[in-house]
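K.L.:
Got a structure for you, written out below as structure tokens; questions coming shortly.
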Amino acid sequence: MTVSIVIPAYNEAKNLGRVISDVRAAGWNDILVVDDGSTDDTSEVARQQKVDIISLEHNSGQGKALQSGIEHLKNNQNPDIIVTFDADGQHRPEDVKSLIQALEKGNIDAALGSRFLENSSQIPFFKKALLKCAVFYTRWTTGLNITDTHNGLRALTRKAYQTINLTWPRRAHASQILHQIARAKLRYVEVPVTILYN
């Protein structure tokens, strides 16, 4: 089973090197960084780490960066699974294994990370309240029984990532993915993950 990690990054030069190193240390070597029009040394850090990189000319938002990465992988490598992973150091690479295992258990198209299933993340109060409101709205508009709507850590099978087409601006892509999962009737599961707030 081939697994590719796509990391959208905007001005993450100070975090990206450690994130890539940690992802590799967890056993994931097929890494694509999408530099979303950074004005710092994000691209240079990625080059120093010797990972594949796409550089967007302008900052277009995380959704556009992710879609660019997914399209690149789809057209060039066509992996069995694409994992989306944030560049800011808030995701734990060891949680990727849990997402992959959830897909391997069978008949699942998308494994979605959730910081609320085991409450292992120390979420600031106001952020938690905002996220809970987003969960309620997304459940109402999609019919999906989910606990976390804006978690950037997810694993998509080939069937899922070939279905996804992100066009909504900025961070709205997280909601758009869920809407497209619902519309395409993709099989999904939530997996407990920890978000490291720094």
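Residues in the structure tokens are named by chain (A, B, ... in the order shown) and by number from 1 within that chain; ligands are numbered from 1 in the order shown.
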Fewer than 5 positions away in the same chain doesn't count, so skip those; otherwise give me all residues within 6 Å of segment 32-44 of chain A, counting only C-alpha atoms, as JSON, numbers by chain.

P.N.:
{"A": [6, 7, 8, 9, 10, 11, 12, 13, 52, 53, 54, 55, 56, 57, 58, 59, 65]}

K.L.:
Write out the residues from the selection above, keeping all heavy atoms, as a short mmCIF file (atom, residue, chain, number, x, y, z; two decimals), in the first residue's frame.

P.N.:
```cif
data_model
loop_
_atom_site.label_atom_id
_atom_site.label_comp_id
_atom_site.auth_asym_id
_atom_site.auth_seq_id
_atom_site.Cartn_x
_atom_site.Cartn_y
_atom_site.Cartn_z
N VAL A 6 0.80 14.93 2.06
CA VAL A 6 0.83 16.26 1.45
C VAL A 6 0.74 17.30 2.57
O VAL A 6 -0.15 17.24 3.42
CB VAL A 6 -0.28 16.45 0.38
CG1 VAL A 6 -1.66 16.23 0.97
CG2 VAL A 6 -0.18 17.82 -0.25
N ILE A 7 1.70 18.22 2.56
CA ILE A 7 1.80 19.24 3.61
C ILE A 7 1.68 20.63 2.98
O ILE A 7 2.62 21.11 2.34
CB ILE A 7 3.15 19.14 4.35
CG1 ILE A 7 3.35 17.73 4.93
CG2 ILE A 7 3.24 20.19 5.45
CD1 ILE A 7 4.69 17.53 5.61
N PRO A 8 0.53 21.28 3.13
CA PRO A 8 0.43 22.67 2.67
C PRO A 8 1.15 23.58 3.66
O PRO A 8 1.05 23.39 4.88
CB PRO A 8 -1.08 22.92 2.67
CG PRO A 8 -1.61 22.00 3.73
CD PRO A 8 -0.71 20.80 3.74
N ALA A 9 1.90 24.54 3.15
CA ALA A 9 2.70 25.37 4.05
C ALA A 9 2.71 26.82 3.58
O ALA A 9 2.99 27.10 2.42
CB ALA A 9 4.13 24.84 4.11
N TYR A 10 2.41 27.72 4.50
CA TYR A 10 2.50 29.16 4.22
C TYR A 10 3.31 29.82 5.32
O TYR A 10 2.90 29.83 6.48
CB TYR A 10 1.10 29.78 4.13
CG TYR A 10 1.14 31.29 3.96
CD1 TYR A 10 1.72 31.86 2.83
CD2 TYR A 10 0.64 32.13 4.95
CE1 TYR A 10 1.78 33.24 2.68
CE2 TYR A 10 0.69 33.51 4.80
CZ TYR A 10 1.27 34.05 3.67
OH TYR A 10 1.34 35.42 3.52
N ASN A 11 4.49 30.32 4.97
CA ASN A 11 5.39 30.97 5.93
C ASN A 11 5.64 30.09 7.16
O ASN A 11 5.49 30.53 8.30
CB ASN A 11 4.83 32.34 6.35
CG ASN A 11 4.94 33.36 5.24
OD1 ASN A 11 5.64 33.16 4.25
ND2 ASN A 11 4.23 34.47 5.39
N GLU A 12 6.01 28.84 6.91
CA GLU A 12 6.26 27.88 7.99
C GLU A 12 7.72 27.46 8.05
O GLU A 12 8.04 26.35 8.48
CB GLU A 12 5.36 26.65 7.82
CG GLU A 12 3.89 26.90 8.07
CD GLU A 12 3.55 27.17 9.53
OE1 GLU A 12 4.47 27.07 10.38
OE2 GLU A 12 2.39 27.47 9.82
N ALA A 13 8.63 28.34 7.63
CA ALA A 13 10.05 27.98 7.62
C ALA A 13 10.54 27.55 9.00
O ALA A 13 11.37 26.65 9.12
CB ALA A 13 10.88 29.16 7.10
N ASP A 52 9.68 16.38 -2.21
CA ASP A 52 9.05 16.98 -3.38
C ASP A 52 8.37 18.28 -2.97
O ASP A 52 7.84 18.39 -1.85
CB ASP A 52 8.02 16.03 -3.99
CG ASP A 52 8.67 14.81 -4.63
OD1 ASP A 52 9.85 14.91 -5.02
OD2 ASP A 52 8.00 13.77 -4.73
N ILE A 53 8.38 19.26 -3.86
CA ILE A 53 7.78 20.54 -3.52
C ILE A 53 7.10 21.15 -4.74
O ILE A 53 7.58 21.04 -5.86
CB ILE A 53 8.85 21.52 -2.97
CG1 ILE A 53 8.22 22.88 -2.62
CG2 ILE A 53 10.03 21.67 -3.91
CD1 ILE A 53 9.13 23.80 -1.85
N ILE A 54 5.95 21.75 -4.48
CA ILE A 54 5.25 22.59 -5.46
C ILE A 54 5.21 23.98 -4.86
O ILE A 54 4.85 24.16 -3.69
CB ILE A 54 3.80 22.10 -5.70
CG1 ILE A 54 3.77 20.70 -6.27
CG2 ILE A 54 3.07 23.06 -6.62
CD1 ILE A 54 2.37 20.14 -6.34
N SER A 55 5.55 24.98 -5.64
CA SER A 55 5.50 26.36 -5.17
C SER A 55 4.42 27.12 -5.92
O SER A 55 4.50 27.25 -7.15
CB SER A 55 6.86 27.05 -5.36
OG SER A 55 7.85 26.45 -4.55
N LEU A 56 3.41 27.60 -5.20
CA LEU A 56 2.37 28.41 -5.80
C LEU A 56 2.84 29.87 -5.84
O LEU A 56 3.49 30.35 -4.91
CB LEU A 56 1.07 28.30 -5.01
CG LEU A 56 0.52 26.87 -4.81
CD1 LEU A 56 -0.82 26.92 -4.10
CD2 LEU A 56 0.40 26.14 -6.13
N GLU A 57 2.51 30.56 -6.91
CA GLU A 57 3.01 31.92 -7.11
C GLU A 57 2.44 32.90 -6.10
O GLU A 57 3.13 33.81 -5.64
CB GLU A 57 2.66 32.39 -8.52
CG GLU A 57 3.28 33.72 -8.89
CD GLU A 57 3.05 34.08 -10.35
OE1 GLU A 57 2.55 33.23 -11.11
OE2 GLU A 57 3.36 35.23 -10.71
N HIS A 58 1.18 32.72 -5.73
CA HIS A 58 0.53 33.61 -4.79
C HIS A 58 -0.08 32.80 -3.66
O HIS A 58 -0.44 31.64 -3.82
CB HIS A 58 -0.57 34.43 -5.47
CG HIS A 58 -0.08 35.22 -6.65
ND1 HIS A 58 0.75 36.31 -6.53
CD2 HIS A 58 -0.31 35.06 -7.99
CE1 HIS A 58 1.01 36.79 -7.72
NE2 HIS A 58 0.39 36.06 -8.63
N ASN A 59 -0.24 33.44 -2.50
CA ASN A 59 -0.92 32.80 -1.38
C ASN A 59 -2.40 32.67 -1.72
O ASN A 59 -3.10 33.66 -1.90
CB ASN A 59 -0.73 33.63 -0.11
CG ASN A 59 -1.51 33.07 1.06
OD1 ASN A 59 -2.31 33.76 1.67
ND2 ASN A 59 -1.27 31.82 1.39
N ALA A 65 -3.98 25.04 -1.86
CA ALA A 65 -2.70 24.34 -1.72
C ALA A 65 -2.92 22.84 -1.64
O ALA A 65 -2.21 22.06 -2.30
CB ALA A 65 -1.97 24.85 -0.48
#
```

K.L.:
Counting only C-alpha atoms, which residue out of A:Leu16, A:Asp30, A:Asn76, A:Ala182 sits closest to Arg47 of chain A?

P.N.:
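Checking each of A:Leu16, A:Asp30, A:Asn76, A:Ala182 against Arg47 of chain A, counting only C-alpha atoms, the winner is A:Leu16.
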
K.L.:
Residues within 7 Å of Arg170 of chain A, please, as a PyMOL selection string. Count only C-alpha atoms; anything in the same chain fewer than 3 positions from it doesn't count.

P.N.:
chain A and resi 61-63+173

K.L.:
Considering only C-alpha atoms, state which residue in the set A:Asn145, A:Ser4, A:Gly17, A:Ala155 is at the smallest distance from Gln101 of chain A.

P.N.:
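So, comparing all the options, the nearest one is A:Ala155.
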
K.L.:
Using only C-alpha atoms, pick whichever of A:Ala26, A:Met1, A:Ala87, A:Leu186 has the shortest atom-to-atom distance to Lys14 of chain A.

P.N.:
A:Ala87
